[in-house]
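Asker: Following this line is work-v4.txt, made up of compact mmCIF, C-alpha atoms and all ligand atoms:
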```txt
# COMPACT_ATOMS: atom_id res chain seq x y z
CA MET A 1 22.42 16.56 -11.00
CA ALA A 2 22.93 17.95 -7.49
CA ILE A 3 23.91 16.75 -4.04
CA ILE A 4 21.28 18.12 -1.65
CA ARG A 5 22.00 18.26 2.08
CA ASP A 6 19.14 20.55 3.13
CA TYR A 7 16.90 18.05 4.90
CA ASP A 8 16.75 16.09 8.15
CA VAL A 9 14.11 13.75 6.82
CA VAL A 10 13.56 12.46 3.29
CA ILE A 11 10.16 10.84 2.70
CA VAL A 12 9.71 8.62 -0.35
CA GLY A 13 6.12 8.65 -1.63
CA ALA A 14 3.18 11.01 -1.08
CA GLY A 15 0.35 8.60 -0.41
CA PRO A 16 -1.58 8.70 2.89
CA ALA A 17 1.51 7.44 4.76
CA GLY A 18 3.99 9.85 3.16
CA MET A 19 1.73 12.87 3.63
CA THR A 20 1.01 12.01 7.27
CA ALA A 21 4.74 11.53 7.94
CA ALA A 22 5.34 14.92 6.28
CA LEU A 23 2.75 16.56 8.53
CA TYR A 24 4.26 15.21 11.75
CA ALA A 25 7.89 15.74 10.70
CA GLY A 26 7.11 19.31 9.63
CA ARG A 27 5.22 19.93 12.84
CA ALA A 28 8.28 18.77 14.80
CA MET A 29 10.26 21.48 12.93
CA LEU A 30 12.31 18.91 11.06
CA ARG A 31 13.48 20.00 7.63
CA THR A 32 11.44 17.61 5.53
CA VAL A 33 11.20 16.81 1.84
CA VAL A 34 8.72 14.45 0.17
CA LEU A 35 9.81 12.90 -3.13
CA GLU A 36 6.84 11.63 -5.12
CA ALA A 37 6.89 9.92 -8.52
CA GLY A 38 3.54 11.42 -9.57
CA LEU A 39 0.79 13.58 -8.11
CA SER A 40 0.30 13.42 -4.34
CA GLY A 41 -2.34 10.94 -3.18
CA GLY A 42 -1.06 7.43 -3.91
CA GLU A 43 -3.84 4.86 -4.12
CA LEU A 44 -6.39 7.54 -3.14
CA LEU A 45 -6.13 8.81 -6.70
CA ARG A 46 -7.31 5.41 -7.94
CA THR A 47 -10.20 5.19 -5.44
CA GLU A 48 -13.54 6.59 -6.51
CA TYR A 49 -15.16 6.94 -3.06
CA LEU A 50 -14.14 6.04 0.51
CA ASP A 51 -16.66 5.55 3.31
CA ASP A 52 -14.35 4.26 6.03
CA VAL A 53 -12.05 7.16 6.86
CA ILE A 54 -13.09 8.39 10.28
CA GLY A 55 -14.56 11.88 10.09
CA PHE A 56 -15.47 11.51 6.40
CA PRO A 57 -18.63 9.35 6.05
CA MET A 58 -18.23 9.52 2.25
CA ILE A 59 -15.47 11.28 0.33
CA LYS A 60 -13.97 11.08 -3.14
CA GLY A 61 -10.43 9.71 -3.21
CA ASP A 62 -8.95 12.73 -4.97
CA ASP A 63 -10.70 15.16 -2.58
CA LEU A 64 -9.15 13.35 0.39
CA ALA A 65 -5.74 13.38 -1.33
CA GLN A 66 -5.98 17.14 -1.82
CA ARG A 67 -6.94 17.69 1.83
CA PHE A 68 -4.04 15.53 3.01
CA GLU A 69 -1.58 17.43 0.84
CA GLU A 70 -2.80 20.89 1.91
CA HIS A 71 -2.68 19.86 5.56
CA ALA A 72 0.82 18.33 5.29
CA LYS A 73 2.20 21.41 3.49
CA LYS A 74 0.81 23.69 6.21
CA PHE A 75 3.61 22.56 8.53
CA GLY A 76 6.38 23.37 6.09
CA ALA A 77 7.32 20.12 4.34
CA THR A 78 8.64 20.58 0.81
CA PHE A 79 6.94 18.42 -1.83
CA VAL A 80 8.88 17.49 -4.96
CA ASN A 81 6.40 15.81 -7.30
CA PHE A 82 7.06 13.90 -10.53
CA THR A 83 10.36 12.74 -9.08
CA ASN A 84 10.95 9.02 -9.05
CA VAL A 85 13.37 7.70 -6.43
CA SER A 86 15.69 5.09 -7.91
CA SER A 87 17.56 4.03 -4.76
CA VAL A 88 17.94 4.55 -1.03
CA GLN A 89 21.33 3.51 0.35
CA LYS A 90 23.04 3.95 3.69
CA VAL A 91 26.43 5.44 2.87
CA ASP A 92 27.77 5.78 6.42
CA GLU A 93 26.56 5.46 10.02
CA LEU A 94 24.83 8.85 9.83
CA THR A 95 23.81 9.27 6.24
CA PHE A 96 21.44 7.90 3.66
CA ALA A 97 21.74 8.79 -0.01
CA THR A 98 18.38 8.94 -1.76
CA GLU A 99 18.87 9.15 -5.51
CA THR A 100 16.27 10.24 -8.03
CA ASP A 101 15.95 9.36 -11.71
CA SER A 102 17.21 12.85 -12.61
CA GLY A 103 20.45 12.07 -10.76
CA ASP A 104 19.83 14.35 -7.76
CA VAL A 105 21.02 12.80 -4.50
CA TYR A 106 19.45 13.80 -1.17
CA MET A 107 21.78 13.17 1.80
CA SER A 108 19.95 12.83 5.14
CA PRO A 109 20.25 11.06 8.49
CA VAL A 110 16.70 9.69 8.28
CA VAL A 111 14.61 8.30 5.44
CA ILE A 112 10.96 7.30 5.76
CA VAL A 113 9.97 5.03 2.89
CA THR A 114 6.22 5.05 2.16
CA SER A 115 6.25 3.83 -1.43
CA GLY A 116 3.22 1.56 -0.98
CA GLY A 117 2.51 -1.43 -3.13
CA THR A 118 0.73 -2.38 -6.29
CA PRO A 119 -2.16 -4.83 -6.63
CA ILE A 120 -1.34 -7.21 -9.49
CA LYS A 121 -3.79 -6.69 -12.34
CA LEU A 122 -5.42 -9.30 -14.58
CA GLY A 123 -4.47 -7.28 -17.63
CA ILE A 124 -7.77 -7.95 -19.44
CA PRO A 125 -9.79 -5.50 -21.56
CA GLY A 126 -12.10 -3.28 -19.50
CA GLU A 127 -10.33 -3.95 -16.19
CA LEU A 128 -8.83 -0.49 -15.86
CA ASP A 129 -11.79 1.26 -17.55
CA PHE A 130 -14.11 -0.09 -14.83
CA ALA A 131 -11.71 0.23 -11.88
CA GLY A 132 -13.74 1.99 -9.19
CA ARG A 133 -16.87 1.37 -11.31
CA GLY A 134 -17.24 -2.27 -10.35
CA VAL A 135 -13.65 -3.51 -10.42
CA SER A 136 -11.88 -3.46 -7.07
CA TYR A 137 -8.72 -4.81 -5.45
CA CYS A 138 -9.77 -4.31 -1.82
CA ALA A 139 -12.74 -6.05 -0.16
CA ILE A 140 -12.64 -4.14 3.14
CA CYS A 141 -12.59 -0.88 1.17
CA ASP A 142 -15.37 -1.55 -1.29
CA ALA A 143 -17.59 -4.43 -0.05
CA ASN A 144 -20.10 -1.97 1.34
CA PHE A 145 -20.86 -0.71 -2.18
CA PHE A 146 -22.05 -4.20 -3.24
CA LYS A 147 -24.84 -4.88 -0.74
CA LYS A 148 -27.27 -7.45 -2.25
CA HIS A 149 -25.30 -7.53 -5.55
CA THR A 150 -24.09 -10.55 -7.48
CA ILE A 151 -20.34 -10.26 -7.90
CA ALA A 152 -17.26 -12.20 -8.97
CA VAL A 153 -13.89 -12.75 -7.34
CA VAL A 154 -10.82 -13.89 -9.27
CA GLY A 155 -7.95 -15.72 -7.57
CA GLY A 156 -7.08 -18.98 -5.88
CA GLY A 157 -4.95 -18.14 -2.86
CA ASP A 158 -5.76 -17.31 0.75
CA ALA A 159 -6.69 -13.70 -0.08
CA ALA A 160 -9.20 -14.65 -2.79
CA CYS A 161 -10.84 -17.31 -0.60
CA GLU A 162 -10.91 -15.28 2.62
CA GLU A 163 -12.18 -12.16 0.89
CA SER A 164 -14.90 -14.13 -0.97
CA ASP A 165 -16.14 -15.34 2.38
CA TYR A 166 -16.05 -11.77 3.75
CA LEU A 167 -17.84 -10.38 0.67
CA THR A 168 -20.83 -12.69 1.25
CA ARG A 169 -21.68 -10.57 4.31
CA PHE A 170 -22.66 -7.91 1.76
CA ALA A 171 -23.30 -9.52 -1.64
CA ASP A 172 -26.15 -11.97 -2.26
CA LYS A 173 -23.93 -14.18 -4.40
CA VAL A 174 -20.19 -14.46 -5.09
CA TYR A 175 -18.73 -16.41 -8.01
CA LEU A 176 -15.17 -17.40 -7.13
CA ILE A 177 -13.27 -17.93 -10.37
CA HIS A 178 -9.95 -19.75 -10.51
CA ARG A 179 -7.92 -20.86 -13.51
CA ARG A 180 -6.82 -24.19 -11.98
CA HIS A 181 -8.81 -27.21 -10.78
CA GLU A 182 -8.00 -26.55 -7.11
CA PHE A 183 -7.15 -23.62 -4.83
CA ARG A 184 -3.68 -22.75 -3.49
CA ALA A 185 -5.34 -21.46 -0.30
CA SER A 186 -4.82 -23.32 2.97
CA LYS A 187 -7.26 -26.18 3.63
CA VAL A 188 -8.95 -24.43 6.55
CA VAL A 189 -9.67 -21.34 4.42
CA GLN A 190 -10.97 -23.53 1.59
CA LYS A 191 -13.29 -25.26 4.03
CA HIS A 192 -15.05 -21.95 4.77
CA VAL A 193 -15.45 -21.29 1.04
CA PHE A 194 -16.98 -24.68 0.25
CA ALA A 195 -19.27 -24.44 3.28
CA ASN A 196 -20.60 -21.01 2.31
CA PRO A 197 -23.88 -21.32 0.37
CA LYS A 198 -23.48 -17.84 -1.14
CA ILE A 199 -20.21 -18.76 -2.90
CA GLU A 200 -20.21 -20.64 -6.21
CA VAL A 201 -16.75 -21.91 -7.15
CA VAL A 202 -15.90 -21.87 -10.86
CA PHE A 203 -12.67 -23.83 -11.51
CA ASN A 204 -10.65 -24.10 -14.73
CA THR A 205 -11.88 -20.71 -15.84
CA VAL A 206 -10.26 -17.35 -16.61
CA ALA A 207 -11.77 -13.87 -16.82
CA GLU A 208 -11.36 -12.47 -20.33
CA GLU A 209 -13.10 -9.10 -20.36
CA VAL A 210 -14.96 -6.71 -18.06
CA ILE A 211 -18.14 -5.58 -19.77
CA GLY A 212 -20.12 -2.37 -19.32
CA LYS A 213 -21.09 0.90 -20.98
CA PRO A 214 -18.11 3.23 -21.53
CA GLY A 215 -18.08 5.78 -18.70
CA GLY A 216 -20.70 3.78 -16.74
CA LEU A 217 -20.64 0.85 -14.32
CA MET A 218 -19.60 -2.71 -15.14
CA THR A 219 -22.47 -5.03 -16.01
CA GLY A 220 -20.78 -8.35 -16.72
CA LEU A 221 -17.68 -10.48 -16.94
CA ARG A 222 -16.70 -12.56 -19.97
CA LEU A 223 -15.24 -15.95 -18.99
CA LYS A 224 -13.41 -18.74 -20.79
CA ASN A 225 -13.21 -22.35 -19.66
CA VAL A 226 -9.55 -23.31 -20.13
CA LEU A 227 -10.35 -27.01 -20.67
CA THR A 228 -13.20 -26.75 -23.18
CA GLY A 229 -12.55 -23.28 -24.61
CA ASP A 230 -16.25 -22.45 -24.01
CA ARG A 231 -17.03 -18.79 -23.43
CA SER A 232 -19.83 -17.32 -21.29
CA VAL A 233 -20.87 -14.03 -19.70
CA LEU A 234 -21.63 -13.70 -15.99
CA ASP A 235 -24.13 -10.99 -15.06
CA VAL A 236 -22.17 -9.41 -12.24
CA THR A 237 -21.90 -5.81 -11.11
CA GLY A 238 -18.63 -6.25 -9.26
CA LEU A 239 -15.27 -7.91 -9.80
CA PHE A 240 -12.73 -8.25 -7.00
CA VAL A 241 -9.24 -9.25 -8.15
CA PHE A 242 -6.97 -10.99 -5.62
CA ILE A 243 -4.06 -12.41 -7.56
CA GLY A 244 -1.28 -10.80 -5.54
CA PHE A 245 0.09 -7.49 -4.23
CA LYS A 246 3.66 -6.36 -4.78
CA PRO A 247 5.25 -4.10 -2.14
CA ASN A 248 7.34 -1.32 -3.77
CA THR A 249 10.58 -2.17 -1.99
CA ASP A 250 12.97 -2.39 -4.95
CA ILE A 251 14.46 1.03 -4.21
CA ILE A 252 15.86 -0.03 -0.82
CA LYS A 253 19.38 -1.14 -1.69
CA ALA A 254 20.29 -2.89 1.53
CA HIS A 255 19.65 -6.09 3.39
CA TYR A 256 16.59 -5.35 5.48
CA THR A 257 14.41 -7.84 7.32
CA HIS A 258 11.28 -8.76 5.39
CA ASP A 259 8.50 -11.31 5.67
CA ALA A 260 7.85 -14.23 3.30
CA LEU A 261 5.88 -12.01 0.91
CA GLY A 262 8.56 -9.31 0.74
CA TYR A 263 6.94 -6.73 3.04
CA VAL A 264 9.37 -4.80 5.25
CA VAL A 265 9.38 -5.90 8.89
CA THR A 266 9.66 -3.02 11.36
CA ASP A 267 9.79 -2.62 15.11
CA GLY A 268 7.02 -0.84 17.03
CA ALA A 269 8.59 2.52 16.13
CA MET A 270 8.31 1.69 12.40
CA MET A 271 12.09 1.40 12.12
CA SER A 272 13.35 -1.26 9.73
CA SER A 273 16.29 -3.47 10.63
CA ILE A 274 18.48 -0.63 9.25
CA PRO A 275 18.89 2.14 11.89
CA GLY A 276 17.46 5.44 10.60
CA LEU A 277 15.39 3.81 7.85
CA PHE A 278 11.71 3.98 8.79
CA VAL A 279 8.89 2.41 6.82
CA ALA A 280 5.15 3.14 6.96
CA GLY A 281 1.99 2.16 5.13
CA ASP A 282 1.25 -0.53 2.59
CA LEU A 283 4.81 -1.81 2.15
CA ARG A 284 5.12 -2.66 5.83
CA SER A 285 4.51 -6.22 7.07
CA GLN A 286 1.18 -6.07 8.91
CA LEU A 287 -2.33 -7.45 9.10
CA THR A 288 -4.19 -4.84 7.10
CA ARG A 289 -3.64 -2.09 4.55
CA GLN A 290 -5.95 0.89 4.84
CA VAL A 291 -5.71 4.69 4.73
CA THR A 292 -6.03 4.94 8.50
CA THR A 293 -3.43 2.26 9.22
CA ALA A 294 -1.01 3.91 6.74
CA SER A 295 -1.52 7.24 8.52
CA GLY A 296 -1.13 5.59 11.92
CA ASP A 297 2.15 3.96 10.93
CA ALA A 298 3.42 7.24 9.54
CA THR A 299 2.51 9.18 12.67
CA THR A 300 4.62 6.77 14.72
CA ALA A 301 7.44 6.78 12.15
CA ALA A 302 7.76 10.58 12.09
CA ILE A 303 7.62 10.93 15.88
CA ALA A 304 10.17 8.13 16.30
CA ALA A 305 12.37 9.70 13.61
CA ASP A 306 12.36 12.95 15.59
CA LYS A 307 13.47 11.10 18.70
CA TYR A 308 16.15 9.23 16.75
CA LEU A 309 17.52 12.52 15.38
CA LYS A 310 17.48 14.09 18.85
CA ASP A 311 19.59 11.21 20.17
CA LEU A 312 22.00 11.66 17.26
CA ARG A 313 22.22 15.42 17.84
CA GLU A 314 23.02 14.88 21.50
CA ALA A 315 26.00 12.81 20.39
CA GLY A 316 26.98 15.60 17.93
CA GLY A 317 30.60 16.78 17.80
CA SER A 318 31.76 13.58 19.38
CA THR A 319 33.68 10.69 17.90
CA ASP A 320 32.38 8.24 15.34
CA LYS A 321 32.23 5.66 18.12
CA ASP A 322 29.94 7.93 20.20
CA VAL A 323 27.67 8.46 17.23
CA GLU A 324 27.58 4.75 16.54
CA GLU A 325 26.61 4.16 20.17
CA ALA A 326 23.91 6.86 19.97
CA VAL A 327 22.47 5.19 16.89
CA GLN A 328 22.35 1.85 18.62
CA THR A 329 21.00 3.28 21.90
CA SER A 330 18.25 5.21 20.14
CA HIS A 331 17.33 2.14 18.17
CA LEU A 332 17.00 0.14 21.37
CA ASN A 333 15.14 2.96 23.18
CA LEU A 334 12.62 2.92 20.35
CA GLY A 335 12.09 -0.75 20.95
CA GLY A 336 14.39 -1.78 18.10
CA TRP A 337 16.27 -4.91 17.20
CA THR A 338 18.55 -6.52 19.68
C1 LIG B 1 -8.68 0.43 -5.56
C2 LIG B 1 -8.36 0.66 -4.11
C3 LIG B 1 -9.34 1.11 -3.28
C4 LIG B 1 -9.06 1.34 -1.93
N1 LIG B 1 -10.06 1.80 -1.12
C5 LIG B 1 -9.79 2.06 0.18
C6 LIG B 1 -10.82 2.53 1.06
O1 LIG B 1 -11.98 2.68 0.66
N2 LIG B 1 -10.47 2.77 2.35
C7 LIG B 1 -9.20 2.58 2.82
O2 LIG B 1 -8.95 2.86 4.00
N3 LIG B 1 -8.22 2.11 2.03
C8 LIG B 1 -8.48 1.85 0.73
N4 LIG B 1 -7.51 1.35 -0.08
C9 LIG B 1 -6.20 1.09 0.50
C10 LIG B 1 -5.44 2.41 0.66
O3 LIG B 1 -5.57 3.17 -0.52
C11 LIG B 1 -3.97 2.13 0.96
O4 LIG B 1 -3.89 1.31 2.11
C12 LIG B 1 -3.20 3.43 1.20
O5 LIG B 1 -3.27 4.27 0.07
C13 LIG B 1 -1.75 3.11 1.53
O6 LIG B 1 -1.04 4.31 1.64
P1 LIG B 1 0.53 4.36 1.38
O7 LIG B 1 0.89 5.78 1.54
O8 LIG B 1 1.20 3.32 2.19
O9 LIG B 1 0.74 3.87 -0.12
P2 LIG B 1 0.19 4.44 -1.50
O10 LIG B 1 -1.15 5.04 -1.36
O11 LIG B 1 0.35 3.31 -2.46
O12 LIG B 1 1.22 5.59 -1.88
C14 LIG B 1 2.54 5.32 -2.25
C15 LIG B 1 3.08 6.51 -3.02
O13 LIG B 1 4.48 6.30 -3.24
C16 LIG B 1 4.79 6.71 -4.55
N5 LIG B 1 5.99 5.99 -4.98
C17 LIG B 1 6.14 4.64 -5.14
N6 LIG B 1 7.39 4.36 -5.53
C18 LIG B 1 8.05 5.54 -5.60
C19 LIG B 1 9.36 5.91 -5.98
N7 LIG B 1 10.28 4.98 -6.33
N8 LIG B 1 9.72 7.21 -5.97
C20 LIG B 1 8.81 8.16 -5.60
N9 LIG B 1 7.53 7.88 -5.26
C21 LIG B 1 7.17 6.58 -5.26
C22 LIG B 1 3.57 6.34 -5.36
O14 LIG B 1 3.51 7.10 -6.56
C23 LIG B 1 2.45 6.68 -4.40
O15 LIG B 1 2.02 8.01 -4.55
C24 LIG B 1 -7.76 1.10 -1.43
C25 LIG B 1 -6.76 0.65 -2.28
C26 LIG B 1 -7.04 0.41 -3.61
C27 LIG B 1 -5.96 -0.09 -4.52
```
Translate this file's structure into C-alpha cells.

Answerer:
Amino acid sequence: MAIIRDYDVVIVGAGPAGMTAALYAGRAMLRTVVLEAGLSGGELLRTEYLDDVIGFPMIKGDDLAQRFEEHAKKFGATFVNFTNVSSVQKVDELTFATETDSGDVYMSPVVIVTSGGTPIKLGIPGELDFAGRGVSYCAICDANFFKKHTIAVVGGGDAACEESDYLTRFADKVYLIHRRHEFRASKVVQKHVFANPKIEVVFNTVAEEVIGKPGGLMTGLRLKNVLTGDRSVLDVTGLFVFIGFKPNTDIIKAHYTHDALGYVVTDGAMMSSIPGLFVAGDLRSQLTRQVTTASGDATTAAIAADKYLKDLREAGGSTDKDVEEAVQTSHLNLGGWT
C-alpha cells in the first residue's frame, strides 16, 4: 500500500473515453495516470467489428483499442492496468483520493472518471459465446450488419421498442420478445411498434438459449412461452438485448447530481456537480453512447481539467479561502453549476 502524489490528473478506466482523456491531458503536459481494471480498450474489446468510427470504414475492436492506447501513451500518460479502483473521494477542497483494490491511494486535484457502463445480460446459454457473432447490445453499432436479416429483440421498455423500430430500417423482420403481456415502454413508442409491419410482437415469452455452431455465427433462438410452457426455435441470425444498462458509478463516494437512470449529470465542460471531478463517456447522462461521443466528451473533459488546474495554480500559495474561491470561479468559468 502506498500514498501516491505524483499526478495532476487521475483517470479511471481505459476505454475510448479514458484513453482520449489521457491523450489530451498528456499533450497538455499534465502528469497523468490511467487506472484500468483490465486490458485497455473497454467495450472495444467486446466488439468484433466497428464500421462507424470516422476514418476507419471497418476495423476490429481490439485493433482500434491498440491504436488508441499507443496514441495516448505517445504523449506521456502512465497506464496502470489490472488495477481496479474501489473508491474516489474528495478529501479536501483541493484533493481527491482514488483508492485501488491493492490499497494504493492516488492523491490528485483532478479525477476524470470514465468507467463506462455494463449492458445487462440475459444470462442464457450461448449468449456470451455468440456475442459479436449475432448477439448485440447496441442497435446503432451493429444494425448495419443485419441488412435483410430476420432478427429478434428482447426487452419491453423504451429502448427495446425504439431500437426494434430502428432495426427495421435494416432487417426484413424483427421479432420483439417480451416476458410480460404488455410493454413498459411509453404509449407513443408502443404505437410505432404496433404500426410497424416488419415487427412481430411475441408476448409472454422468454429467450432460453442462443443457438449456433461453436465458433460460428448464431442461427437461432430457443424460446419458452411462460404461460403454456411450450418451447420453440426462431430462425434468426441476430439477437439484440435491451433489458437495461448499468452505469459504473459505484466508485464515486459522494453526492453527485445524476439523472433518473443513475447516469452522472455534467455541465458543458464535463464537470460533475463536484468541482474537480470530471466524467466522460458511457456513464455520463446524454442522448447516445458511442466511441466517438465518448472520445468527444473526454477531449472536453481533459481540456477543461487543464483550465481548472491552471486556475488553481494561479491561486497557489494563497489562503484556503483564495483556493476555495478559485475552485468556484473556475467552475463557473467552465459553465458550471450556480
Ligand atoms: C457489444 C457492443 C458493441 C458496440 N459497438 C459499437 C460500435 O460499433 N460503434 C460505436 O461507436 N460504439 C459501439 N459500442 C459502444 C461503445 O463501445 C461505447 O460507447 C464506448 O466503449 C464507451 O467508452 P467509455 O470509455 O465511456 O466506456 P467503456 O468502453 O465501457 O470503458 C470503461 C473502462 O473502465 C474500466 N473500469 C470500469 N470500472 C473500473 C474501476 N472501478 N476501476 C478501473 N477501471 C474500471 C473498464 O474495465 C473499461 O475498460 C458498442 C458497445 C457494445 C457493448

Asker: Closest to Met29 of chain A among A:Gly76, A:Pro119, A:Gly229, A:Pro214, using only C-alpha atoms?

Answerer: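 Result for the nearest residue to Met29 of chain A: A:Gly76.
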
Asker: Write out as a PDB file with C-alpha atoms, in the frame of the given file the residues lying within 8 Å of Ala207 of chain A, counting only C-alpha atoms and excluding same-chain residues fewer than 2 positions away.

Answerer:
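Heads up, here's the output in selection37.pdb:
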```pdb
ATOM      1  CA  ILE A 124      -7.770  -7.950 -19.440  1.00  0.00           C
ATOM      2  CA  VAL A 154     -10.820 -13.890  -9.270  1.00  0.00           C
ATOM      3  CA  ILE A 177     -13.270 -17.930 -10.370  1.00  0.00           C
ATOM      4  CA  THR A 205     -11.880 -20.710 -15.840  1.00  0.00           C
ATOM      5  CA  GLU A 209     -13.100  -9.100 -20.360  1.00  0.00           C
ATOM      6  CA  VAL A 210     -14.960  -6.710 -18.060  1.00  0.00           C
ATOM      7  CA  LEU A 221     -17.680 -10.480 -16.940  1.00  0.00           C
ATOM      8  CA  ARG A 222     -16.700 -12.560 -19.970  1.00  0.00           C
ATOM      9  CA  LEU A 223     -15.240 -15.950 -18.990  1.00  0.00           C
ATOM     10  CA  LYS A 224     -13.410 -18.740 -20.790  1.00  0.00           C
TER      11      LYS A 224
END
```

Asker: Within 6 Å of ligand LIG 1 (chain B), counting all atoms listed in the file: which residues, as a ChimeraX atom specification?

Answerer: /A:12-18,35-38,40-44,46-47,50,52,83-86,114-117,136-138,141-142,248,281-282,289-292,294

Asker: Next, write the just-selected residues to a file, as a CSV table (one decimal), in the frame of the given file, keeping C-alpha atoms as the atom set.

Answerer:
```csv
chain,number,residue,atom,x,y,z
A,12,VAL,CA,9.7,8.6,-0.4
A,13,GLY,CA,6.1,8.6,-1.6
A,14,ALA,CA,3.2,11.0,-1.1
A,15,GLY,CA,0.4,8.6,-0.4
A,16,PRO,CA,-1.6,8.7,2.9
A,17,ALA,CA,1.5,7.4,4.8
A,18,GLY,CA,4.0,9.8,3.2
A,35,LEU,CA,9.8,12.9,-3.1
A,36,GLU,CA,6.8,11.6,-5.1
A,37,ALA,CA,6.9,9.9,-8.5
A,38,GLY,CA,3.5,11.4,-9.6
A,40,SER,CA,0.3,13.4,-4.3
A,41,GLY,CA,-2.3,10.9,-3.2
A,42,GLY,CA,-1.1,7.4,-3.9
A,43,GLU,CA,-3.8,4.9,-4.1
A,44,LEU,CA,-6.4,7.5,-3.1
A,46,ARG,CA,-7.3,5.4,-7.9
A,47,THR,CA,-10.2,5.2,-5.4
A,50,LEU,CA,-14.1,6.0,0.5
A,52,ASP,CA,-14.4,4.3,6.0
A,83,THR,CA,10.4,12.7,-9.1
A,84,ASN,CA,11.0,9.0,-9.0
A,85,VAL,CA,13.4,7.7,-6.4
A,86,SER,CA,15.7,5.1,-7.9
A,114,THR,CA,6.2,5.0,2.2
A,115,SER,CA,6.2,3.8,-1.4
A,116,GLY,CA,3.2,1.6,-1.0
A,117,GLY,CA,2.5,-1.4,-3.1
A,136,SER,CA,-11.9,-3.5,-7.1
A,137,TYR,CA,-8.7,-4.8,-5.4
A,138,CYS,CA,-9.8,-4.3,-1.8
A,141,CYS,CA,-12.6,-0.9,1.2
A,142,ASP,CA,-15.4,-1.6,-1.3
A,248,ASN,CA,7.3,-1.3,-3.8
A,281,GLY,CA,2.0,2.2,5.1
A,282,ASP,CA,1.2,-0.5,2.6
A,289,ARG,CA,-3.6,-2.1,4.6
A,290,GLN,CA,-6.0,0.9,4.8
A,291,VAL,CA,-5.7,4.7,4.7
A,292,THR,CA,-6.0,4.9,8.5
A,294,ALA,CA,-1.0,3.9,6.7
```

Asker: Nearest to Gly26 of chain A: which of A:Ile199, A:Lys74, A:Leu217, A:Tyr175 is it, counting all atoms listed in the file?

Answerer: A:Lys74

Asker: With distances taken over all atoms listed in the file, which of A:Val110, A:Cys161, A:Ile4, A:Ala22 is nearest to Ser272 of chain A?

Answerer: A:Val110

Asker: When you draw a straight line from atom CA of Leu94 of chain A to atom CA of Ile251 of chain A, how long is it in Å?

Answerer: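 Going from atom CA of Leu94 of chain A over to atom CA of Ile251 of chain A covers 19.1 Å.
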
Asker: Could you please determine the separation between atom CA of Ala152 of chain A and atom CA of Ala195 of chain A in Å, to one decimal place?

Answerer: 17.4 Å

Asker: Emit segment 42-53 of chain A of the structure in the block as a file comprising N, CA, C and O atoms, as a short mmCIF file (atom, residue, chain, number, x, y, z; two decimals), in the first residue's frame.

Answerer:
```cif
data_model
loop_
_atom_site.label_atom_id
_atom_site.label_comp_id
_atom_site.auth_asym_id
_atom_site.auth_seq_id
_atom_site.Cartn_x
_atom_site.Cartn_y
_atom_site.Cartn_z
N GLY A 42 -11.76 -1.14 -23.02
CA GLY A 42 -13.16 -1.07 -22.60
C GLY A 42 -14.04 -1.92 -23.50
O GLY A 42 -13.66 -3.04 -23.89
N GLU A 43 -15.19 -1.39 -23.87
CA GLU A 43 -16.15 -2.16 -24.67
C GLU A 43 -15.61 -2.51 -26.05
O GLU A 43 -16.13 -3.40 -26.71
N LEU A 44 -14.56 -1.81 -26.50
CA LEU A 44 -13.97 -2.15 -27.81
C LEU A 44 -13.49 -3.60 -27.82
O LEU A 44 -13.52 -4.26 -28.86
N LEU A 45 -13.06 -4.07 -26.66
CA LEU A 45 -12.54 -5.44 -26.59
C LEU A 45 -13.65 -6.47 -26.70
O LEU A 45 -13.39 -7.65 -26.88
N ARG A 46 -14.89 -6.01 -26.56
CA ARG A 46 -16.04 -6.93 -26.70
C ARG A 46 -16.77 -6.70 -28.01
O ARG A 46 -17.86 -7.18 -28.23
N THR A 47 -16.18 -5.89 -28.90
CA THR A 47 -16.83 -5.55 -30.17
C THR A 47 -16.02 -6.16 -31.31
O THR A 47 -14.83 -5.87 -31.45
N GLU A 48 -16.66 -7.02 -32.07
CA GLU A 48 -15.96 -7.71 -33.15
C GLU A 48 -15.45 -6.69 -34.19
O GLU A 48 -14.26 -6.54 -34.36
N TYR A 49 -16.39 -6.01 -34.84
CA TYR A 49 -16.02 -5.02 -35.86
C TYR A 49 -16.79 -3.72 -35.63
O TYR A 49 -17.92 -3.74 -35.15
N LEU A 50 -16.17 -2.59 -35.99
CA LEU A 50 -16.87 -1.29 -35.97
C LEU A 50 -16.79 -0.71 -37.37
O LEU A 50 -15.74 -0.79 -38.02
N ASP A 51 -17.91 -0.13 -37.84
CA ASP A 51 -17.88 0.50 -39.16
C ASP A 51 -18.35 1.95 -39.09
O ASP A 51 -18.72 2.54 -40.09
N ASP A 52 -18.35 2.51 -37.85
CA ASP A 52 -18.88 3.87 -37.71
C ASP A 52 -17.93 4.80 -36.95
O ASP A 52 -18.35 5.78 -36.36
N VAL A 53 -16.65 4.45 -36.96
CA VAL A 53 -15.67 5.36 -36.35
C VAL A 53 -15.01 6.10 -37.50
O VAL A 53 -14.38 5.48 -38.36
#
```
